[in-house]
There are 2 protein chains.
Amino acid sequence: MFKLFKTQGRARRGEFTTPHGTAQTPVFMNVGTQGAIKGGLSGDDLKTIRCQIELSNTYHLHLRPGDELVKERGGLHRFMGWDGPMLTDSGGFQIFSLAKLRKITEEGVAFNSHIDGRRLFIGPEDSMRIQSNLGSDIAMAFDECVGIPAEYDYVKKSCDRTYRWLLRCRDELERLNAREDTVNPGQVLFGINQGATYKDLRTEHMDAIAQLDLPGYAIGGLAVGESTQEMYDTIDAVEEHMPKDRPRYLMGVGTPSNIIEGVARGIDFFDCVMPARNGRHGHLFTWDGVINIKNEKYARDDGPIDSRCDCPVCRRYSRAYVRHLFAAGEMLGLRLAVIHNLFFYNSLMERIRSALDDGTFDSFRSTWSGVLDRRI
Amino acid sequence: MFKLFKTQGRARRGEFTTPHGTAQTPVFMNVGTQGAIKGGLSGDDLKTIRCQIELSNTYHLHLRPGDELVKERGGLHRFMGWDGPMLTDSGGFQIFSLAKLRKITEEGVAFNSHIDGRRLFIGPEDSMRIQSNLGSDIAMAFDECVGIPAEYDYVKKSCDRTYRWLLRCRDELERLNAREDTVNPGQVLFGINQGATYKDLRTEHMDAIAQLDLPGYAIGGLAVGESTQEMYDTIDAVEEHMPKDRPRYLMGVGTPSNIIEGVARGIDFFDCVMPARNGRHGHLFTWDGVINIKNEKYARDDGPIDSRCDCPVCRRYSRAYVRHLFAAGEMLGLRLAVIHNLFFYNSLMERIRSALDDGTFDSFRSTWSGVLDRRI
């Protein structure tokens with residue numbers, strides 16, 4: 001399902017085919033947490049912003065409206081009106097970042113819902129069943145996401161357990177895909193590498209999960225407290241141990257520069273809530289850096305957010321108008337900001353792919369890495 | 001600029017031409033208070049919902065971002081990305097409903113901004129200058145909107161002053177339209193009839209303003225506390241005194257049944273924030289009545305909001321999905337609800353016009369009046 005077309009250094013140009021279409025890689029996945037992109041974006045808007053893979057959150061959808069309800073509606077694609085590729089996370093990260101009173105055992109994790117306090121339990125089989133009910137194209141393995149810094153001994157034990165959980169995920173998804181009433185029988189499982197910033201644990205765990213010959217592998221547990229350099233060093237260490245013929249997904253990362261640097265280190269998939277969240281706060285990406293559209297200096301600025309951007313917001317509206325919408329508290333401001341920022345990210349990936357196609361990625365990297373994140 | 005094609009009883013089928021295009025009447029104007037429809041709708045969305053005339057609020061835009069700023073940007077049409085017909089209100093209604101510490105004199109109204117408490121003053125000339133700066137196609141006269149019930153003597157004095165203000169509005173707009181730097185030299189003025197529910201004051205005032213031969217006339221000061229029957233009785237009394245060859249606009253009205261009854265009484269233009277506001281609260285119009293989409297009973301309802309509706313929401317999404325978005329607090333829920341409700345209103349007007357074209361309006365009225373407003 002993954003075709004690797006070309007490499008430049010460690011950077012890779014490829015494509016990944018799912019039951020709902022093919023995504024060109026490197027790709028940035030657009031996050032629609034609760035079956036919709038925050039900022040009021042619909043399934044149609046995902047096409048407008050040139051989304052290639054939509055990412056939905058298992059934890060949120062399990063709590064509300066419930067994955068069984070979504071399955072009865074024909075799965076999440078039909079429910080939310082998006083017919084392109086979709087990945088679901090395992091719910092693990094949200095359990096470890098949002099839910100209260102967690103208790104981890106070999107079986108799984110008990111926790112209290114952040115919405116109504118209900119006591120709930122999710123283990124590897126539950127996560128697979130929920131993701132199968134949602135019917136995404138790519139299911140992520142249920143893992144423990146350990147915060148950084150963490151004790152070596154704890155991380156080692158956690159990695160071992162995450163490995164045992166992966167075996168259970170694999171078996172359970174195989175069983176679910178064979179069921180007659182499964183929503184998406186072509187759903188595949190990506191494994192997740194853990195090990196905090198301990199390189200020996202990272203590579204040992206990666207070697208173990210690579211043996212399972214899964215359709216894809218993610219690097220998890222980064223962007224959770226370590227420095228950017230530690231993140232890059234960890235990717236460098238793990239990457240050599242990742243199968244060359246499988247896509248690599250760096251979870252929850254990151255800024256435009258993080259993405260360029262991730263591509264340079266052999267990563268194919270990215271996701272991050274940051275562009276949509278920053279957009280809702282008025283922080284807009286441009287090819288000159290990040291502007292705060294709420295700034296008074298844009299009140300009479302008739303130019304587009306970015307004169308080099310071809311998004312529907314930049315083609316039609318001025319900075320002055322978008323600033324007015326933010327100042328007036330109009331919902332349209334948030335919507336236009338999110339459309340612009342996600343379009344910017346998806347365009348960034350298009351330009352990265354073009355540079356790889358043309359063999360000019362090194363030059364692209366040196367021109368833009370470090371530039372696009374700065375506040376101007 | 002107004003062509004009357006056909007009548008059925010007092011109901012009228014016509015069209016009104018502005019510098020930004022022609023609107024078919026009877027028409028419902030879609031309210032974009034601060035240069036955007038609440039619920040995250042853009043200028044493009046106005047086309048999608050088949051908006052024929054957009055209505056912007058002078059009071060809000062004067063306060064934020066400021067009408068001078070909008071004029072510098074080329075006017076409100078360009079600023080907000082809407083190239084169709086636009087009407088601006090005079091600011092009067094908001095001064096009387098939102099602003100604090102009002103003091104009315106012959107000159108105009110002093111008041112405190114509801115945003116930052118600034119002391120401000122708007123008189124007839126100011127209202128015209130602001131509306132001229134915004135560059136709408138139809139400017140409304142600056143009037144006093146008296147709450148109901150009100151003392152006869154006060155209403156009489158207020159009507160006389162509103163008449164004197166209208167003369168000042170007319171002269172000022174003529175002067176502004178002749179200026180070289182005017183945004184929209186084809187901007188026209190509609191007069192507004194007042195008089196609370198006192199029929200003699202209403203008709204006397206209407207006769208006086210009709211003499212001025214303005215391009216259109218509105219009935220103001222209704223839907224502010226009187227009963228529905230009092231409203232209909234007032235329209236009945238005034239209508240006979242309105243010029244037949246000018247459009248009539250019933251301000252701030254109303255429910256679908258109010259609109260059908262208004263058309264039956266000879267009204268051509270309507271506006272109301274209700275469909276957008278109700279939408280944001282999950283109250284959705286259908287041809288069976290109003291549903292509350294937040295109700296648990298829609299959680300597993302795979303049908304569209306209204307199976308007889310052709311709007312982009314009903315063509316694509318289920319009640320279950322829209323309900324989920326409301327339950328999860330996703331902005332997209334508000335947006336889809338507002339799109340549906342405004343499309344419903346614009347479709348209602350299309351069906352009213354078709355019925356008038358076909359000579360079947362009486363039957364349309366007896367089938368739908370009273371039905372569409374009920375909660376089901």
# chains A, B, ... in the order shown; residues from 1 in each chain; ligands from 1

call {"tool": "residues_around", "arguments": {"residues": "Ala299 in chain B", "least_positions_apart": "2", "cutoff": "7 Å", "atoms": "only C-alpha atoms", "output": "list in words"}}
result
Glu296, Lys297, Asp301, Ala320 and Arg323 of chain B

call {"tool": "write_last_selection", "arguments": {"atoms": "N, CA and C atoms", "output": "short mmCIF file (atom, residue, chain, number, x, y, z; two decimals), in the first residue's frame"}}
result
data_model
loop_
_atom_site.label_atom_id
_atom_site.label_comp_id
_atom_site.auth_asym_id
_atom_site.auth_seq_id
_atom_site.Cartn_x
_atom_site.Cartn_y
_atom_site.Cartn_z
N GLU B 296 -32.60 14.47 22.15
CA GLU B 296 -32.05 13.10 22.14
C GLU B 296 -32.66 12.24 21.02
N LYS B 297 -33.92 12.51 20.69
CA LYS B 297 -34.57 11.62 19.70
C LYS B 297 -33.96 11.70 18.31
N ASP B 301 -31.02 9.55 14.05
CA ASP B 301 -31.90 9.88 12.93
C ASP B 301 -31.04 10.15 11.69
N ALA B 320 -28.67 13.23 12.82
CA ALA B 320 -27.80 12.65 13.85
C ALA B 320 -26.45 13.38 13.89
N ARG B 323 -26.98 16.97 15.24
CA ARG B 323 -27.19 16.87 16.69
C ARG B 323 -25.87 16.62 17.42
#

call {"tool": "closest_atom_pairs", "arguments": {"of": "chain B", "to": "chain A", "cutoff": "7 Å", "atoms": "only C-alpha atoms", "output": "tab-separated table"}}
result
residue	atom	partner	partner_atom	distance
B:Ala36	CA	A:Leu332	CA	6.9
B:Lys38	CA	A:Glu330	CA	6.6
B:Gly39	CA	A:Met331	CA	6.0
B:Gly40	CA	A:Leu332	CA	3.8
B:Leu41	CA	A:Leu332	CA	6.1
B:Ser42	CA	A:Leu332	CA	6.8
B:Arg64	CA	A:Ala328	CA	6.9
B:Pro65	CA	A:His324	CA	6.0
B:Leu69	CA	A:Arg300	CA	7.0
B:Arg73	CA	A:Asp302	CA	6.9
B:Phe79	CA	A:Tyr321	CA	6.2
B:Met80	CA	A:Tyr321	CA	6.8
B:Gly81	CA	A:Arg316	CA	6.7
B:Arg300	CA	A:Leu69	CA	7.0
B:Asp302	CA	A:Arg73	CA	6.8
B:Arg316	CA	A:Gly81	CA	6.7
B:Tyr317	CA	A:Gly81	CA	6.9
B:Tyr321	CA	A:Phe79	CA	6.1
B:His324	CA	A:Pro65	CA	6.0
B:Ala328	CA	A:Arg64	CA	6.9
B:Glu330	CA	A:Lys38	CA	6.6
B:Met331	CA	A:Gly40	CA	4.7
B:Leu332	CA	A:Gly40	CA	3.7
B:Arg335	CA	A:Gly40	CA	6.5

call {"tool": "write_last_selection", "arguments": {"atoms": "N, CA and C atoms", "output": "short mmCIF file (atom, residue, chain, number, x, y, z; two decimals), in the first residue's frame"}}
result
data_model
loop_
_atom_site.label_atom_id
_atom_site.label_comp_id
_atom_site.auth_asym_id
_atom_site.auth_seq_id
_atom_site.Cartn_x
_atom_site.Cartn_y
_atom_site.Cartn_z
N ALA B 36 -20.66 40.31 8.53
CA ALA B 36 -20.61 38.85 8.39
C ALA B 36 -21.88 38.29 9.01
N LYS B 38 -23.80 35.94 11.31
CA LYS B 38 -23.41 35.18 12.50
C LYS B 38 -23.55 33.69 12.21
N GLY B 39 -22.61 32.91 12.74
CA GLY B 39 -22.60 31.48 12.45
C GLY B 39 -21.47 31.12 11.48
N GLY B 40 -20.63 32.14 11.17
CA GLY B 40 -19.45 31.85 10.35
C GLY B 40 -19.72 31.80 8.86
N LEU B 41 -20.74 32.55 8.39
CA LEU B 41 -21.04 32.54 6.95
C LEU B 41 -20.31 33.69 6.25
N SER B 42 -19.73 33.37 5.09
CA SER B 42 -18.97 34.35 4.32
C SER B 42 -19.81 34.89 3.17
N ARG B 64 -17.46 49.62 15.09
CA ARG B 64 -16.38 48.67 14.85
C ARG B 64 -16.58 48.03 13.50
N PRO B 65 -15.72 48.15 12.52
CA PRO B 65 -14.38 48.76 12.59
C PRO B 65 -14.39 50.26 12.37
N LEU B 69 -13.15 53.76 8.07
CA LEU B 69 -12.21 52.70 7.70
C LEU B 69 -12.79 51.86 6.56
N ARG B 73 -11.54 51.30 2.54
CA ARG B 73 -11.33 49.96 1.95
C ARG B 73 -12.16 49.78 0.68
N PHE B 79 -15.26 45.16 1.15
CA PHE B 79 -14.67 44.75 2.43
C PHE B 79 -15.09 43.34 2.81
N MET B 80 -16.40 43.05 2.67
CA MET B 80 -16.89 41.75 3.13
C MET B 80 -17.05 40.72 2.02
N GLY B 81 -16.75 41.11 0.77
CA GLY B 81 -16.81 40.11 -0.29
C GLY B 81 -18.22 39.71 -0.70
N ARG B 300 -30.03 9.19 16.55
CA ARG B 300 -29.85 8.10 15.59
C ARG B 300 -30.71 8.30 14.35
N ASP B 302 -31.10 9.22 10.73
CA ASP B 302 -30.24 9.33 9.54
C ASP B 302 -30.82 10.22 8.46
N ARG B 316 -26.46 16.75 2.38
CA ARG B 316 -25.24 16.04 2.74
C ARG B 316 -25.23 15.42 4.14
N TYR B 317 -25.86 16.10 5.10
CA TYR B 317 -25.70 15.67 6.50
C TYR B 317 -27.00 15.19 7.11
N TYR B 321 -25.90 13.71 12.72
CA TYR B 321 -24.61 14.38 12.69
C TYR B 321 -24.74 15.81 13.23
N HIS B 324 -25.07 15.70 16.89
CA HIS B 324 -23.77 15.42 17.51
C HIS B 324 -22.92 16.68 17.60
N ALA B 328 -21.51 18.19 21.00
CA ALA B 328 -20.07 18.26 21.23
C ALA B 328 -19.57 19.70 21.25
N GLU B 330 -19.31 21.73 18.74
CA GLU B 330 -18.51 22.04 17.55
C GLU B 330 -19.14 23.22 16.80
N MET B 331 -18.31 24.20 16.47
CA MET B 331 -18.77 25.38 15.75
C MET B 331 -19.50 25.03 14.45
N LEU B 332 -19.08 23.94 13.81
CA LEU B 332 -19.71 23.53 12.56
C LEU B 332 -21.21 23.33 12.73
N ARG B 335 -22.88 26.63 12.32
CA ARG B 335 -22.79 27.04 10.91
C ARG B 335 -23.81 26.31 10.05
#

call {"tool": "closest_atom_pairs", "arguments": {"of": "range 2-94 of chain B", "to": "range 357-363 of chain B", "cutoff": "9 Å", "atoms": "only C-alpha atoms", "output": "CSV"}}
result
residue,atom,partner,partner_atom,distance
B:Phe5,CA,B:Asp357,CA,8.8
B:Lys6,CA,B:Asp357,CA,7.5
B:Thr7,CA,B:Gly359,CA,8.6
B:Gln8,CA,B:Gly359,CA,6.7
B:Gly9,CA,B:Asp362,CA,8.6
B:Ala11,CA,B:Phe361,CA,8.2
B:Arg13,CA,B:Asp357,CA,7.2

call {"tool": "closest_residue", "arguments": {"among": "B:Gly75, B:Pro26, B:Pro243, B:Gly289", "to": "Asp137 in chain B", "atoms": "only C-alpha atoms"}}
result
B:Gly75

call {"tool": "atom_distance", "arguments": {"atom1": "CA of Asp213 in chain B", "atom2": "CA of Met1 in chain B"}}
result
12.8 Å

call {"tool": "residues_around", "arguments": {"residues": "Arg10 in chain B", "least_positions_apart": "4", "cutoff": "6 Å", "atoms": "only C-alpha atoms", "output": "PyMOL selection string"}}
result
chain B and resi 264-266

call {"tool": "write_last_selection", "arguments": {"atoms": "C-alpha atoms", "output": "mmCIF file, in the first residue's frame"}}
result
data_model
loop_
_atom_site.group_PDB
_atom_site.id
_atom_site.type_symbol
_atom_site.label_atom_id
_atom_site.label_comp_id
_atom_site.auth_asym_id
_atom_site.auth_seq_id
_atom_site.Cartn_x
_atom_site.Cartn_y
_atom_site.Cartn_z
ATOM 1 C CA ALA B 264 -50.878 38.913 2.019
ATOM 2 C CA ARG B 265 -51.084 42.471 3.386
ATOM 3 C CA GLY B 266 -48.991 43.963 0.594
#

call {"tool": "atom_distance", "arguments": {"atom1": "CA of Asp236 in chain A", "atom2": "CA of Glu204 in chain A"}}
result
14.1 Å

call {"tool": "residues_around", "arguments": {"residues": "Thr182 in chain B", "least_positions_apart": "6", "cutoff": "8 Å", "atoms": "only C-alpha atoms", "output": "list in words"}}
result
Ser132, Asn133, Gly135 and Leu176 of chain B

call {"tool": "select_by_dssp", "arguments": {"residues": "range 116-300 of chain A", "states": "alpha helix (DSSP H)", "output": "VMD selection string"}}
result
chain A and resid 124 to 134 152 to 177 199 to 210 228 to 239 256 to 264 274 to 280

call {"tool": "select_by_dssp", "arguments": {"residues": "range 55-287 of chain A", "states": "strand (DSSP E or B)", "output": "JSON, numbers by chain"}}
result
{"A": [55, 56, 86, 87, 88, 100, 101, 102, 103, 104, 109, 110, 111, 112, 119, 120, 121, 122, 138, 139, 140, 188, 189, 190, 191, 192, 193, 216, 217, 218, 219, 248, 249, 250, 269, 270, 271, 283, 284, 285, 286]}

call {"tool": "write_last_selection", "arguments": {"atoms": "C-alpha atoms", "output": "mmCIF file, in the first residue's frame"}}
result
data_model
loop_
_atom_site.group_PDB
_atom_site.id
_atom_site.type_symbol
_atom_site.label_atom_id
_atom_site.label_comp_id
_atom_site.auth_asym_id
_atom_site.auth_seq_id
_atom_site.Cartn_x
_atom_site.Cartn_y
_atom_site.Cartn_z
ATOM 1 C CA LEU A 55 -7.424 12.441 11.472
ATOM 2 C CA SER A 56 -10.202 11.721 13.972
ATOM 3 C CA MET A 86 -8.904 8.839 7.350
ATOM 4 C CA LEU A 87 -6.701 7.871 10.273
ATOM 5 C CA THR A 88 -7.891 7.419 13.844
ATOM 6 C CA LYS A 100 -8.590 11.884 35.244
ATOM 7 C CA LEU A 101 -7.707 9.225 37.829
ATOM 8 C CA ARG A 102 -5.947 6.890 35.423
ATOM 9 C CA LYS A 103 -5.040 3.371 36.549
ATOM 10 C CA ILE A 104 -2.839 1.397 34.168
ATOM 11 C CA VAL A 109 -6.322 1.772 31.349
ATOM 12 C CA ALA A 110 -9.210 2.706 33.655
ATOM 13 C CA PHE A 111 -9.998 6.437 33.798
ATOM 14 C CA ASN A 112 -12.694 9.010 34.408
ATOM 15 C CA ARG A 119 -15.521 5.540 35.029
ATOM 16 C CA LEU A 120 -14.385 3.946 31.795
ATOM 17 C CA PHE A 121 -11.871 1.351 30.645
ATOM 18 C CA ILE A 122 -9.986 1.066 27.386
ATOM 19 C CA ILE A 138 -5.661 3.560 9.369
ATOM 20 C CA ALA A 139 -6.015 2.482 12.998
ATOM 21 C CA MET A 140 -3.275 3.310 15.466
ATOM 22 C CA VAL A 188 -4.892 -1.340 8.598
ATOM 23 C CA LEU A 189 -2.858 -1.037 11.782
ATOM 24 C CA PHE A 190 0.165 1.196 12.351
ATOM 25 C CA GLY A 191 2.479 0.324 15.255
ATOM 26 C CA ILE A 192 3.840 3.031 17.545
ATOM 27 C CA ASN A 193 7.392 3.318 18.771
ATOM 28 C CA GLY A 216 3.109 1.477 8.879
ATOM 29 C CA TYR A 217 5.011 2.716 11.915
ATOM 30 C CA ALA A 218 4.739 5.812 14.022
ATOM 31 C CA ILE A 219 7.112 7.530 16.394
ATOM 32 C CA ARG A 248 6.732 6.581 9.037
ATOM 33 C CA TYR A 249 4.460 8.850 11.017
ATOM 34 C CA LEU A 250 5.770 11.394 13.540
ATOM 35 C CA PHE A 269 3.218 11.435 7.903
ATOM 36 C CA PHE A 270 2.629 14.321 10.311
ATOM 37 C CA ASP A 271 -0.281 15.665 12.310
ATOM 38 C CA HIS A 283 -1.819 33.586 14.628
ATOM 39 C CA LEU A 284 -1.588 33.114 10.873
ATOM 40 C CA PHE A 285 1.165 31.414 8.901
ATOM 41 C CA THR A 286 2.746 33.175 5.951
#

call {"tool": "residues_around", "arguments": {"residues": "Phe142 in chain B", "least_positions_apart": "3", "cutoff": "12 Å", "atoms": "only C-alpha atoms", "output": "tab-separated table (two decimals) with N, CA and C atoms, in the first residue's frame"}}
result
chain	number	residue	atom	x	y	z
B	58	THR	N	-25.70	49.59	10.64
B	58	THR	CA	-24.97	50.84	10.69
B	58	THR	C	-24.37	51.12	12.07
B	59	TYR	N	-25.16	50.91	13.11
B	59	TYR	CA	-24.69	51.15	14.48
B	59	TYR	C	-23.44	50.33	14.77
B	88	THR	N	-28.61	49.01	4.39
B	88	THR	CA	-28.16	49.29	5.75
B	88	THR	C	-29.30	49.92	6.53
B	89	ASP	N	-29.43	49.53	7.79
B	89	ASP	CA	-30.41	50.22	8.63
B	89	ASP	C	-29.80	51.56	9.07
B	90	SER	N	-30.55	52.34	9.80
B	90	SER	CA	-30.11	53.70	10.11
B	90	SER	C	-29.28	53.78	11.39
B	91	GLY	N	-29.25	52.70	12.15
B	91	GLY	CA	-28.61	52.74	13.46
B	91	GLY	C	-29.59	53.07	14.57
B	92	GLY	N	-30.73	53.64	14.19
B	92	GLY	CA	-31.70	54.07	15.19
B	92	GLY	C	-32.16	52.95	16.10
B	93	PHE	N	-32.56	51.84	15.51
B	93	PHE	CA	-33.10	50.75	16.32
B	93	PHE	C	-32.09	50.26	17.35
B	94	GLN	N	-30.81	50.13	16.95
B	94	GLN	CA	-29.78	49.65	17.89
B	94	GLN	C	-29.52	50.69	18.98
B	95	ILE	N	-29.54	51.99	18.61
B	95	ILE	CA	-29.34	53.01	19.64
B	95	ILE	C	-30.44	52.88	20.69
B	96	PHE	N	-31.69	52.58	20.22
B	96	PHE	CA	-32.80	52.50	21.16
B	96	PHE	C	-32.89	51.15	21.86
B	107	GLU	N	-31.85	67.67	17.50
B	107	GLU	CA	-30.65	67.48	16.68
B	107	GLU	C	-30.39	66.01	16.35
B	108	GLY	N	-30.66	65.11	17.33
B	108	GLY	CA	-30.37	63.69	17.15
B	108	GLY	C	-30.33	62.99	18.50
B	109	VAL	N	-29.51	61.92	18.59
B	109	VAL	CA	-29.48	61.13	19.82
B	109	VAL	C	-28.05	61.02	20.33
B	122	ILE	N	-25.48	60.52	17.24
B	122	ILE	CA	-25.89	60.28	15.85
B	122	ILE	C	-27.18	61.04	15.59
B	123	GLY	N	-27.16	61.89	14.58
B	123	GLY	CA	-28.36	62.55	14.10
B	123	GLY	C	-28.62	62.10	12.67
B	124	PRO	N	-29.64	62.62	12.04
B	124	PRO	CA	-29.98	62.20	10.67
B	124	PRO	C	-28.80	62.34	9.70
B	125	GLU	N	-28.08	63.46	9.79
B	125	GLU	CA	-26.96	63.66	8.86
B	125	GLU	C	-25.84	62.64	9.11
B	126	ASP	N	-25.60	62.35	10.41
B	126	ASP	CA	-24.56	61.38	10.75
B	126	ASP	C	-24.93	60.00	10.20
B	127	SER	N	-26.19	59.62	10.40
B	127	SER	CA	-26.62	58.31	9.93
B	127	SER	C	-26.44	58.19	8.42
B	128	MET	N	-26.79	59.25	7.71
B	128	MET	CA	-26.63	59.23	6.25
B	128	MET	C	-25.15	59.16	5.86
B	129	ARG	N	-24.32	59.92	6.58
B	129	ARG	CA	-22.88	59.92	6.26
B	129	ARG	C	-22.30	58.52	6.50
B	130	ILE	N	-22.70	57.90	7.61
B	130	ILE	CA	-22.19	56.55	7.92
B	130	ILE	C	-22.63	55.57	6.84
B	131	GLN	N	-23.92	55.62	6.49
B	131	GLN	CA	-24.43	54.69	5.48
B	131	GLN	C	-23.80	54.97	4.12
B	139	ALA	N	-30.25	52.97	1.80
B	139	ALA	CA	-30.04	53.54	3.13
B	139	ALA	C	-31.41	53.74	3.77
B	145	CYS	N	-37.38	54.78	17.17
B	145	CYS	CA	-38.21	53.58	17.27
B	145	CYS	C	-38.76	53.52	18.69
B	159	CYS	N	-43.31	61.14	16.11
B	159	CYS	CA	-43.58	61.02	14.66
B	159	CYS	C	-43.26	62.33	13.94
B	161	ARG	N	-41.12	64.60	14.87
B	161	ARG	CA	-39.67	64.77	14.81
B	161	ARG	C	-39.07	63.82	13.78
B	162	THR	N	-39.53	62.56	13.76
B	162	THR	CA	-39.03	61.59	12.78
B	162	THR	C	-39.28	62.10	11.36
B	163	TYR	N	-40.41	62.81	11.16
B	163	TYR	CA	-40.67	63.39	9.84
B	163	TYR	C	-39.64	64.48	9.52
B	164	ARG	N	-39.38	65.34	10.51
B	164	ARG	CA	-38.39	66.40	10.26
B	164	ARG	C	-37.00	65.78	10.01
B	165	TRP	N	-36.69	64.70	10.74
B	165	TRP	CA	-35.41	64.00	10.51
B	165	TRP	C	-35.35	63.43	9.10
B	166	LEU	N	-36.48	62.93	8.61
B	166	LEU	CA	-36.51	62.35	7.25
B	166	LEU	C	-36.15	63.40	6.20
B	167	LEU	N	-36.67	64.62	6.37
B	167	LEU	CA	-36.32	65.69	5.42
B	167	LEU	C	-34.82	65.94	5.44
B	168	ARG	N	-34.25	65.94	6.65
B	168	ARG	CA	-32.80	66.15	6.77
B	168	ARG	C	-32.03	64.98	6.14
B	169	CYS	N	-32.52	63.74	6.34
B	169	CYS	CA	-31.87	62.57	5.72
B	169	CYS	C	-31.86	62.71	4.20
B	170	ARG	N	-33.02	63.07	3.66
B	170	ARG	CA	-33.15	63.17	2.20
B	170	ARG	C	-32.16	64.20	1.65
B	172	GLU	N	-29.44	65.36	3.05
B	172	GLU	CA	-28.04	64.98	3.29
B	172	GLU	C	-27.59	63.90	2.32
B	173	LEU	N	-28.44	62.91	2.05
B	173	LEU	CA	-28.04	61.85	1.13
B	173	LEU	C	-27.86	62.40	-0.28
B	189	LEU	N	-32.71	56.22	-0.64
B	189	LEU	CA	-33.24	56.34	0.72
B	189	LEU	C	-34.65	55.78	0.81
B	190	PHE	N	-34.89	54.94	1.82
B	190	PHE	CA	-36.25	54.52	2.14
B	190	PHE	C	-36.71	55.29	3.38
B	191	GLY	N	-37.95	55.79	3.35
B	191	GLY	CA	-38.54	56.41	4.52
B	191	GLY	C	-39.14	55.36	5.45
B	192	ILE	N	-39.30	55.71	6.71
B	192	ILE	CA	-39.84	54.75	7.68
B	192	ILE	C	-41.07	55.34	8.36
B	193	ASN	N	-42.14	54.59	8.29
B	193	ASN	CA	-43.38	54.97	8.97
B	193	ASN	C	-43.33	54.56	10.44
B	194	GLN	N	-43.75	55.50	11.32
B	194	GLN	CA	-43.84	55.19	12.75
B	194	GLN	C	-45.24	55.57	13.24
B	218	ALA	N	-40.77	51.94	4.53
B	218	ALA	CA	-40.78	50.85	5.50
B	218	ALA	C	-41.82	51.13	6.58
B	220	GLY	N	-41.85	50.75	10.36
B	220	GLY	CA	-40.94	50.49	11.47
B	220	GLY	C	-41.70	50.43	12.77

call {"tool": "closest_residue", "arguments": {"among": "B:Cys51, B:Val31, B:Ile148, B:Ile352", "to": "Val263 in chain B", "atoms": "only C-alpha atoms"}}
result
B:Ile352

call {"tool": "residues_around", "arguments": {"residues": "Glu226 in chain A", "least_positions_apart": "5", "cutoff": "8 Å", "atoms": "only C-alpha atoms", "output": "list in words"}}
result
Ile148, Pro149, Thr197 and Met231 of chain A

call {"tool": "write_last_selection", "arguments": {"atoms": "N, CA and C atoms", "output": "tab-separated table (two decimals), in the first residue's frame"}}
result
chain	number	residue	atom	x	y	z
A	148	ILE	N	7.66	13.32	29.21
A	148	ILE	CA	9.12	13.49	29.31
A	148	ILE	C	9.38	14.67	30.22
A	149	PRO	N	10.26	14.60	31.21
A	149	PRO	CA	11.16	13.47	31.55
A	149	PRO	C	10.45	12.32	32.26
A	197	THR	N	13.16	9.60	25.58
A	197	THR	CA	14.37	10.04	24.87
A	197	THR	C	15.54	9.09	25.11
A	231	MET	N	14.14	15.91	20.34
A	231	MET	CA	13.19	15.29	19.42
A	231	MET	C	13.90	14.86	18.15
